[in-house]
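As provided, input38.tsv (TSV, C-alpha atoms and all ligand atoms) reads as follows.
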chain	number	residue	atom	x	y	z
A	1	MET	CA	22.95	7.64	0.93
A	2	GLU	CA	22.95	7.14	-2.86
A	3	LEU	CA	19.66	7.61	-4.69
A	4	ASN	CA	20.76	6.31	-8.07
A	5	ASN	CA	17.41	5.28	-9.42
A	6	ASN	CA	18.99	4.11	-12.68
A	7	SER	CA	20.05	0.97	-10.86
A	8	ARG	CA	17.76	-1.74	-9.55
A	9	VAL	CA	15.18	-1.87	-6.77
A	10	GLY	CA	15.14	-4.97	-4.60
A	11	ILE	CA	11.87	-6.38	-3.26
A	12	VAL	CA	12.01	-8.92	-0.44
A	13	GLY	CA	8.76	-10.87	0.05
A	14	LEU	CA	6.69	-11.72	-3.02
A	15	GLY	CA	3.21	-12.15	-1.62
A	16	LEU	CA	0.25	-10.02	-2.65
A	17	MET	CA	1.96	-6.66	-2.13
A	18	GLY	CA	5.51	-7.58	-3.17
A	19	SER	CA	4.22	-8.84	-6.55
A	20	SER	CA	1.98	-5.81	-6.99
A	21	ILE	CA	4.81	-3.36	-6.17
A	22	ALA	CA	7.11	-5.19	-8.60
A	23	THR	CA	4.51	-4.62	-11.35
A	24	ALA	CA	4.19	-0.91	-10.44
A	25	LEU	CA	7.96	-0.44	-10.65
A	26	LEU	CA	8.34	-2.38	-13.91
A	27	ILE	CA	5.66	-0.42	-15.75
A	28	ASN	CA	7.36	2.79	-14.61
A	29	GLY	CA	10.75	1.83	-16.04
A	30	GLN	CA	12.49	0.55	-12.90
A	31	LYS	CA	14.51	-2.69	-13.00
A	32	VAL	CA	13.72	-5.09	-10.16
A	33	VAL	CA	15.44	-7.87	-8.22
A	34	ALA	CA	12.65	-9.91	-6.59
A	35	LEU	CA	13.64	-12.04	-3.63
A	36	ALA	CA	11.53	-14.62	-1.84
A	37	PRO	CA	13.31	-16.73	0.74
A	38	ILE	CA	10.42	-19.14	0.65
A	39	ILE	CA	11.11	-21.11	-2.49
A	40	SER	CA	7.50	-21.70	-3.55
A	41	ASP	CA	7.07	-17.91	-3.99
A	42	THR	CA	9.85	-17.67	-6.55
A	43	ASN	CA	8.89	-20.91	-8.29
A	44	GLN	CA	5.74	-19.89	-10.04
A	45	THR	CA	3.15	-18.05	-7.94
A	46	ALA	CA	4.87	-14.65	-7.88
A	47	PRO	CA	6.17	-14.70	-11.49
A	48	ASP	CA	2.71	-15.79	-12.73
A	49	ARG	CA	0.99	-13.09	-10.71
A	50	ILE	CA	3.41	-10.39	-11.94
A	51	MET	CA	3.10	-11.55	-15.58
A	52	HIS	CA	-0.70	-11.46	-15.29
A	53	SER	CA	-0.75	-7.92	-13.89
A	54	LEU	CA	1.73	-6.73	-16.55
A	55	GLU	CA	-0.51	-8.23	-19.26
A	56	GLU	CA	-3.62	-6.58	-17.78
A	57	SER	CA	-1.77	-3.25	-17.45
A	58	TYR	CA	-0.84	-3.41	-21.15
A	59	ARG	CA	-4.34	-4.45	-22.19
A	60	GLU	CA	-5.89	-1.61	-20.14
A	61	GLY	CA	-3.45	0.99	-21.53
A	62	LEU	CA	-1.70	1.65	-18.20
A	63	SER	CA	1.55	0.48	-19.79
A	64	THR	CA	2.64	0.97	-23.40
A	65	ILE	CA	5.24	-1.81	-23.32
A	66	PRO	CA	4.19	-5.45	-23.83
A	67	ALA	CA	4.34	-7.63	-20.71
A	68	LYS	CA	6.97	-10.02	-22.03
A	69	ASP	CA	9.37	-7.09	-22.69
A	70	LEU	CA	8.89	-5.62	-19.20
A	71	PHE	CA	9.33	-9.09	-17.72
A	72	GLN	CA	12.96	-9.01	-19.00
A	73	ASN	CA	13.63	-6.30	-16.37
A	74	ILE	CA	12.92	-8.49	-13.35
A	75	THR	CA	15.09	-11.25	-11.93
A	76	PHE	CA	13.87	-13.73	-9.32
A	77	THR	CA	16.11	-15.09	-6.62
A	78	SER	CA	16.23	-16.55	-3.13
A	79	ASP	CA	19.83	-15.40	-2.53
A	80	TYR	CA	20.28	-12.12	-0.62
A	81	ALA	CA	23.69	-11.58	-2.32
A	82	ASP	CA	21.75	-10.78	-5.54
A	83	LEU	CA	20.52	-7.55	-3.91
A	84	LYS	CA	24.01	-6.04	-4.22
A	85	PRO	CA	23.33	-3.89	-7.36
A	86	CYS	CA	20.20	-2.25	-5.82
A	87	TRP	CA	19.98	1.41	-4.73
A	88	LEU	CA	16.83	0.65	-2.70
A	89	VAL	CA	15.56	-2.55	-1.10
A	90	MET	CA	11.90	-2.74	-0.14
A	91	GLU	CA	10.78	-5.21	2.50
A	92	CYS	CA	7.29	-6.66	1.90
A	93	VAL	CA	7.20	-9.67	4.21
A	94	LEU	CA	4.55	-10.63	6.75
A	95	GLU	CA	3.54	-8.04	9.36
A	96	ASN	CA	5.64	-9.78	12.03
A	97	LEU	CA	8.42	-8.07	14.00
A	98	GLU	CA	10.71	-11.09	14.33
A	99	ILE	CA	10.50	-11.94	10.63
A	100	LYS	CA	11.13	-8.33	9.60
A	101	GLN	CA	14.11	-8.05	11.98
A	102	ASP	CA	15.67	-11.21	10.52
A	103	VAL	CA	15.11	-9.93	6.96
A	104	TYR	CA	16.81	-6.54	7.74
A	105	ARG	CA	19.84	-8.38	9.15
A	106	LYS	CA	20.13	-10.40	5.95
A	107	ILE	CA	19.64	-7.37	3.67
A	108	GLU	CA	22.21	-5.26	5.57
A	109	SER	CA	24.81	-8.00	5.37
A	110	SER	CA	24.40	-8.12	1.55
A	111	VAL	CA	24.32	-4.45	0.46
A	112	SER	CA	26.54	-1.39	1.03
A	113	ASN	CA	25.78	1.15	3.79
A	114	LYS	CA	24.60	3.63	1.14
A	115	VAL	CA	21.62	1.55	0.06
A	116	ILE	CA	18.20	2.71	1.30
A	117	ILE	CA	16.04	0.09	2.99
A	118	ALA	CA	12.29	0.65	3.21
A	119	SER	CA	9.37	-1.24	4.69
A	120	ASN	CA	5.84	-1.55	3.34
A	121	THR	CA	4.55	-2.12	6.89
A	122	SER	CA	0.92	-1.14	7.33
A	123	ALA	CA	1.20	0.14	10.86
A	124	ILE	CA	4.42	-0.76	12.72
A	125	PRO	CA	6.13	2.54	13.65
A	126	ILE	CA	9.14	3.21	11.39
A	127	SER	CA	11.10	4.57	14.40
A	128	MET	CA	10.69	1.15	16.06
A	129	LEU	CA	11.71	-0.87	12.98
A	130	GLN	CA	14.73	1.30	12.20
A	131	ASN	CA	16.30	0.42	15.53
A	132	TYR	CA	16.70	-3.14	14.22
A	133	LEU	CA	19.17	-1.85	11.61
A	134	ARG	CA	22.92	-1.45	11.91
A	135	VAL	CA	22.58	1.84	9.95
A	136	PRO	CA	19.17	3.16	11.11
A	137	GLN	CA	19.32	6.43	9.15
A	138	ARG	CA	19.08	4.50	5.85
A	139	PHE	CA	15.58	3.29	6.79
A	140	PHE	CA	12.18	4.67	5.67
A	141	GLY	CA	8.59	3.57	5.40
A	142	MET	CA	7.29	3.21	1.84
A	143	HIS	CA	3.65	2.30	2.26
A	144	TRP	CA	1.83	1.25	-0.93
A	145	ALA	CA	-1.84	0.50	-1.48
A	146	GLU	CA	-3.14	-2.64	-3.18
A	147	PRO	CA	-3.17	-2.86	-6.22
A	148	ALA	CA	0.12	-0.89	-6.19
A	149	TYR	CA	0.18	-0.54	-10.00
A	150	THR	CA	-3.27	1.03	-10.36
A	151	SER	CA	-3.42	3.05	-7.14
A	152	ARG	CA	-1.68	6.45	-7.23
A	153	PHE	CA	-1.08	6.21	-3.48
A	154	LEU	CA	2.38	5.99	-1.92
A	155	GLU	CA	3.23	7.17	1.58
A	156	ILE	CA	6.89	7.93	2.34
A	157	ILE	CA	7.49	7.90	6.10
A	158	CYS	CA	10.50	9.29	7.94
A	159	GLY	CA	11.40	7.59	11.21
A	160	GLU	CA	13.02	9.55	14.06
A	161	LYS	CA	16.47	8.79	12.62
A	162	SER	CA	15.66	9.13	8.88
A	163	PRO	CA	16.98	12.34	7.28
A	164	LEU	CA	14.07	14.45	6.00
A	165	GLU	CA	16.03	15.54	2.90
A	166	VAL	CA	16.36	11.87	1.80
A	167	GLY	CA	12.62	11.42	2.43
A	168	GLU	CA	12.05	14.43	0.15
A	169	GLN	CA	14.19	12.83	-2.59
A	170	LEU	CA	12.22	9.58	-2.31
A	171	TYR	CA	9.07	11.67	-2.66
A	172	VAL	CA	10.33	13.06	-6.00
A	173	ILE	CA	11.28	9.57	-7.21
A	174	ALA	CA	7.80	8.31	-6.26
A	175	LYS	CA	6.31	10.96	-8.58
A	176	ASN	CA	8.45	9.52	-11.40
A	177	TRP	CA	6.86	6.15	-10.61
A	178	GLY	CA	3.47	7.67	-11.52
A	179	LYS	CA	2.36	8.16	-7.92
A	180	GLU	CA	0.81	11.14	-6.16
A	181	PRO	CA	2.89	10.55	-3.03
A	182	THR	CA	2.51	11.85	0.51
A	183	LEU	CA	5.41	12.51	2.87
A	184	VAL	CA	4.95	11.75	6.56
A	185	ARG	CA	7.61	14.05	8.00
A	186	LYS	CA	7.27	12.81	11.58
A	187	ASP	CA	6.57	9.15	12.34
A	188	ILE	CA	3.21	8.21	13.83
A	189	ARG	CA	1.66	4.73	14.18
A	190	GLY	CA	-0.68	4.00	11.24
A	191	PHE	CA	0.74	6.97	9.25
A	192	ILE	CA	-1.95	9.02	7.46
A	193	THR	CA	-4.33	6.66	5.73
A	194	ASN	CA	-4.43	3.82	8.21
A	195	ARG	CA	-5.22	6.24	11.04
A	196	ILE	CA	-8.14	7.57	8.99
A	197	MET	CA	-9.26	4.17	7.65
A	198	TYR	CA	-9.10	2.43	11.04
A	199	ALA	CA	-11.16	5.21	12.65
A	200	MET	CA	-13.78	4.31	10.00
A	201	TYR	CA	-13.43	0.54	10.60
A	202	ARG	CA	-13.95	1.05	14.35
A	203	GLU	CA	-17.12	3.03	13.79
A	204	ALA	CA	-18.36	0.46	11.23
A	205	PHE	CA	-18.01	-2.35	13.80
A	206	HIS	CA	-19.70	-0.18	16.44
A	207	LEU	CA	-22.75	0.34	14.18
A	208	VAL	CA	-23.08	-3.37	13.27
A	209	GLU	CA	-22.31	-4.85	16.70
A	210	ASN	CA	-24.84	-2.57	18.37
A	211	GLY	CA	-27.61	-3.34	15.89
A	212	TYR	CA	-27.85	0.11	14.23
A	213	ALA	CA	-27.23	-1.30	10.74
A	214	THR	CA	-26.31	-4.47	8.89
A	215	ILE	CA	-22.89	-5.18	7.36
A	216	GLU	CA	-24.46	-4.78	3.91
A	217	ASP	CA	-25.93	-1.38	4.74
A	218	VAL	CA	-22.67	-0.06	6.20
A	219	ASP	CA	-20.83	-1.19	3.05
A	220	ARG	CA	-23.49	0.37	0.81
A	221	ALA	CA	-23.35	3.69	2.69
A	222	CYS	CA	-19.53	3.86	2.43
A	223	LYS	CA	-19.58	3.09	-1.29
A	224	ASN	CA	-22.15	5.72	-2.16
A	225	ASP	CA	-21.17	8.57	0.18
A	226	GLY	CA	-17.39	8.66	0.76
A	227	GLY	CA	-16.81	6.39	-2.22
A	228	HIS	CA	-18.53	8.88	-4.51
A	229	TRP	CA	-16.14	11.80	-3.90
A	230	MET	CA	-12.95	10.50	-2.33
A	231	THR	CA	-11.13	9.80	-5.58
A	232	PHE	CA	-11.90	13.37	-6.62
A	233	CYS	CA	-10.71	15.16	-3.49
A	234	GLY	CA	-9.67	14.72	0.12
A	235	LEU	CA	-11.57	15.40	3.34
A	236	PHE	CA	-10.53	19.01	3.77
A	237	ARG	CA	-11.29	20.00	0.16
A	238	TYR	CA	-14.67	18.22	0.46
A	239	MET	CA	-15.59	20.29	3.54
A	240	ASP	CA	-14.67	23.43	1.57
A	241	LEU	CA	-16.76	22.27	-1.39
A	242	THR	CA	-19.86	21.54	0.65
A	243	GLY	CA	-19.73	24.28	3.31
A	244	LEU	CA	-17.53	23.86	6.36
A	245	GLN	CA	-19.90	25.64	8.76
A	246	ALA	CA	-22.18	22.58	8.78
A	247	TYR	CA	-19.27	20.29	9.69
A	248	HIS	CA	-18.27	22.65	12.48
A	249	SER	CA	-21.68	22.43	14.11
A	250	VAL	CA	-22.15	18.65	13.52
A	251	MET	CA	-18.76	17.91	15.16
A	252	LYS	CA	-19.87	19.47	18.45
A	253	GLY	CA	-22.72	17.00	18.86
A	254	LEU	CA	-21.35	13.94	17.06
A	255	PHE	CA	-17.72	13.60	18.20
A	256	PRO	CA	-18.63	12.74	21.81
A	257	GLU	CA	-20.90	9.94	20.51
A	258	LEU	CA	-18.44	8.21	18.15
A	259	SER	CA	-16.90	4.93	19.23
A	260	ASN	CA	-13.59	5.19	21.06
A	261	GLN	CA	-13.29	1.45	21.76
A	262	THR	CA	-9.66	0.38	22.30
A	263	THR	CA	-10.05	-3.40	21.92
A	264	VAL	CA	-10.42	-5.52	18.77
A	265	PRO	CA	-14.15	-5.78	17.91
A	266	LYS	CA	-15.81	-9.15	18.67
A	267	LEU	CA	-17.17	-9.43	15.14
A	268	ILE	CA	-13.74	-9.58	13.48
A	269	ASP	CA	-12.24	-11.51	16.41
A	270	ASP	CA	-14.74	-14.33	15.93
A	271	VAL	CA	-14.20	-14.56	12.15
A	272	ALA	CA	-10.39	-14.36	12.50
A	273	LYS	CA	-10.25	-17.02	15.23
A	274	GLU	CA	-12.24	-19.39	13.01
A	275	GLY	CA	-9.56	-18.92	10.33
A	276	GLY	CA	-11.61	-16.65	8.06
A	277	ASN	CA	-9.53	-14.54	5.67
A	278	GLY	CA	-12.11	-13.16	3.25
A	279	ILE	CA	-12.12	-14.09	-0.42
A	280	SER	CA	-8.80	-15.99	-0.21
A	281	ASN	CA	-10.54	-18.83	1.68
A	282	GLY	CA	-14.17	-17.97	1.09
A	283	LYS	CA	-14.87	-17.07	4.74
A	284	GLY	CA	-15.09	-13.44	5.76
A	285	PHE	CA	-17.84	-11.05	6.79
A	286	TYR	CA	-19.60	-12.53	3.76
A	287	ASP	CA	-19.29	-16.13	2.49
A	288	TYR	CA	-17.94	-16.82	-1.02
A	289	SER	CA	-18.07	-19.84	-3.28
A	290	PRO	CA	-14.79	-20.28	-5.24
A	291	GLU	CA	-16.55	-18.86	-8.35
A	292	GLU	CA	-17.85	-15.81	-6.46
A	293	ALA	CA	-14.41	-15.19	-4.92
A	294	LYS	CA	-12.80	-15.25	-8.39
A	295	GLU	CA	-15.46	-12.92	-9.77
A	296	TRP	CA	-14.98	-10.38	-6.94
A	297	GLU	CA	-11.22	-10.48	-7.53
A	298	ARG	CA	-11.62	-10.05	-11.30
A	299	THR	CA	-14.18	-7.25	-10.97
A	300	PHE	CA	-12.04	-5.39	-8.42
A	301	GLU	CA	-9.07	-5.61	-10.79
A	302	LYS	CA	-11.15	-4.15	-13.64
A	303	PHE	CA	-12.53	-1.41	-11.38
A	304	SER	CA	-8.99	-0.50	-10.25
A	305	PHE	CA	-7.95	0.25	-13.85
A	306	ASP	CA	-11.13	2.27	-14.47
A	307	ILE	CA	-10.80	4.35	-11.29
A	308	ASN	CA	-7.11	4.93	-12.07
A	309	ARG	CA	-8.10	6.41	-15.47
A	310	LEU	CA	-10.77	8.62	-13.90
A	311	SER	CA	-8.42	9.72	-11.14
A	312	LEU	CA	-5.68	10.69	-13.65
A	313	GLU	CA	-8.18	12.64	-15.78
A	314	TYR	CA	-9.42	14.61	-12.77
A	315	ALA	CA	-5.92	15.07	-11.32
A	316	ASP	CA	-5.10	17.04	-14.49
A	317	LYS	CA	-8.35	19.04	-14.27
A	318	THR	CA	-7.84	19.96	-10.60
A	319	THR	CA	-4.20	20.93	-11.27
A	320	ASP	CA	-5.53	23.30	-13.95
A	321	ILE	CA	-7.98	24.86	-11.44
A	322	SER	CA	-5.10	25.52	-9.02
A	323	SER	CA	-2.96	27.08	-11.72
A	324	VAL	CA	-5.87	29.41	-12.68
A	325	LYS	CA	-5.81	30.66	-9.09
A	326	VAL	CA	-2.03	31.14	-9.20
A	327	LYS	CA	-2.23	33.18	-12.44
A	328	LYS	CA	-4.62	35.79	-10.95
B	1	LIG	N1	-2.28	-6.50	1.73
B	1	LIG	C1	-2.37	-5.18	1.68
B	1	LIG	O1	-3.32	-4.60	1.14
B	1	LIG	C2	-1.25	-4.34	2.28
B	1	LIG	C3	-1.28	-2.95	2.07
B	1	LIG	C4	-0.24	-2.17	2.55
B	1	LIG	C5	0.79	-2.77	3.26
B	1	LIG	N2	0.80	-4.12	3.48
B	1	LIG	C6	1.96	-4.69	4.22
B	1	LIG	O2	2.81	-5.34	3.27
B	1	LIG	C7	3.49	-6.44	3.93
B	1	LIG	C8	3.21	-7.72	3.15
B	1	LIG	O3	1.82	-7.93	3.09
B	1	LIG	P1	1.12	-8.87	1.98
B	1	LIG	O4	-0.30	-8.51	1.97
B	1	LIG	O5	1.91	-8.85	0.73
B	1	LIG	O6	1.29	-10.30	2.69
B	1	LIG	P2	1.37	-11.74	2.03
B	1	LIG	O7	1.04	-12.70	3.10
B	1	LIG	O8	0.64	-11.80	0.74
B	1	LIG	O9	2.95	-11.89	1.68
B	1	LIG	C9	3.93	-11.94	2.67
B	1	LIG	C10	5.17	-12.58	2.09
B	1	LIG	O10	6.15	-12.69	3.15
B	1	LIG	C11	6.90	-13.84	2.88
B	1	LIG	N3	7.57	-14.36	4.08
B	1	LIG	C12	7.05	-15.08	5.10
B	1	LIG	N4	8.01	-15.41	6.01
B	1	LIG	C13	9.16	-14.88	5.55
B	1	LIG	C14	10.49	-14.88	6.03
B	1	LIG	N5	10.86	-15.51	7.15
B	1	LIG	N6	11.41	-14.21	5.33
B	1	LIG	C15	11.06	-13.57	4.21
B	1	LIG	N7	9.81	-13.56	3.68
B	1	LIG	C16	8.87	-14.19	4.35
B	1	LIG	C17	5.87	-14.85	2.40
B	1	LIG	O11	6.51	-15.84	1.63
B	1	LIG	C18	4.96	-14.00	1.54
B	1	LIG	O12	5.35	-14.03	0.19
B	1	LIG	C19	2.97	-6.47	5.37
B	1	LIG	O13	3.86	-5.75	6.20
B	1	LIG	C20	1.63	-5.74	5.26
B	1	LIG	O14	1.24	-5.16	6.48
B	1	LIG	C21	-0.19	-4.92	2.99

Rewrite the structure of this file - the entire thing - as structure tokens.
Ligand SMILES: NC(=O)c1ccc[n+]([C@@H]2O[C@H](COP(=O)([O-])OP(=O)(O)OC[C@H]3O[C@@H](n4cnc5c(N)ncnc54)[C@H](O)[C@@H]3O)[C@@H](O)[C@H]2O)c1
Amino acid sequence: MELNNNSRVGIVGLGLMGSSIATALLINGQKVVALAPIISDTNQTAPDRIMHSLEESYREGLSTIPAKDLFQNITFTSDYADLKPCWLVMECVLENLEIKQDVYRKIESSVSNKVIIASNTSAIPISMLQNYLRVPQRFFGMHWAEPAYTSRFLEIICGEKSPLEVGEQLYVIAKNWGKEPTLVRKDIRGFITNRIMYAMYREAFHLVENGYATIEDVDRACKNDGGHWMTFCGLFRYMDLTGLQAYHSVMKGLFPELSNQTTVPKLIDDVAKEGGNGISNGKGFYDYSPEEAKEWERTFEKFSFDINRLSLEYADKTTDISSVKVKK
């Protein structure tokens, strides 16, 4: 395996995440080959979206290089042969096994056996996906969060056949991309964050479907409790900060009462079956006029830059606290 991160990174699939990851890589000095087999993606949607996020990143001070200069470092293509100069190819296509399998076959037939291939899958086990490859040990999960250029999150996941030492090298490279990465040393479905987030989603549906609270109140509670401290620290640090004895005693009574439903909740099933997709088509758990949808999107983008700044400021402060402890 050759981790020559001076060469290019390939991205296959230029939807929401592929475009966002391309921006994250460009503003951190990585050259990108962006491939979308569906021609409309490479025509204008993806380049426009990437240009917009590069411009916003420059305007917000996340990048010091003007968008049009960074844009020189990305090439768009629909030909897999153009992935040849890449040291890493990241797959960002739909969460569909057959499509992903077909994409891996095409990538492997275009690049050398030394090239790393990674998937941005949200929850398909990496050990399952890597069996679709001719060279399974070159395969890793690289799970980004949206927006990839403002979030400091990046999960590197080793499958059963992925060498841990290569995972550790990817972890170091991810730090150079401005991330605060996590390494999942042993594959598990949902990795770290989606296991935690989906446990929360399940409980949220349980509360609403059983009439304990409205959708609005569940959202408000999440924003103002977890949302208040989670960018500052994780769950374990928070228990330390606020007294872990209380958590110990609450768990005894509460854990047996939490939802352990194993089927998809009716509330999301109904919306999904009617074609609802949230702000992208105005129909979700809330309804959106086109203007409201645009405003939510714009405000979330602005918030993402602000929270990134705050998170970086406090990352430095908390690193200083740890080094004070080390000095003693
Ligand atoms: N949306 C998120 O917040 C998020 C977060 C983390 C991970 N992911 C994962 O990232 C991946 C992409 O998600 P997204 O949100 O960008 O989806 P998306 O629908 O915005 O984009 C998917 C892309 O796949 C392309 N595609 C469809 N069929 C294809 C084919 N046969 N060959 C090649 N490309 C094809 C589409 O053209 C589209 O550009 C999924 O695996 C998803 O689970 C998404």

Task: ligand LIG 1 (chain B) neighbours within 8 Å using only C-alpha atoms and all ligand atoms, as an MDAnalysis selection string - done: chainID A and resid 12:19 36:38 40:41 91:96 99:100 102:103 119:123 143:147

TODO: Write out as an MDAnalysis selection string which residues come within 12 Å of A:Pro265 when counting all atoms listed in the file, dropping same-chain ones fewer than 6 positions away.
DONE: chainID A and resid 198 201:210 259 271:272

Task: Residue neighbourhood A:Ser151, 9 Å, all atoms listed in the file, exclusion window fewer than 6 positions, as a PyMOL selection string - done: chain A and resi 144-145+179+304-305+307-308

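Going from atom CA of A:Ile124 over to atom CA of A:Leu97, you cover 8.4 Å.
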
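Among the candidates A:Leu241, A:Lys302, A:Thr214, A:Ile192, the one nearest to A:Ser53 when counting all atoms listed in the file is A:Lys302.
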
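Closest approach to A:Thr150 from the set A:Gly178, A:Gly243, A:Gly211, A:Gly284 is made by A:Gly178, with distances taken over all atoms listed in the file.
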
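Interatomic distance, atom CA of A:Val89 to atom CA of A:Leu70: 19.5 Å.
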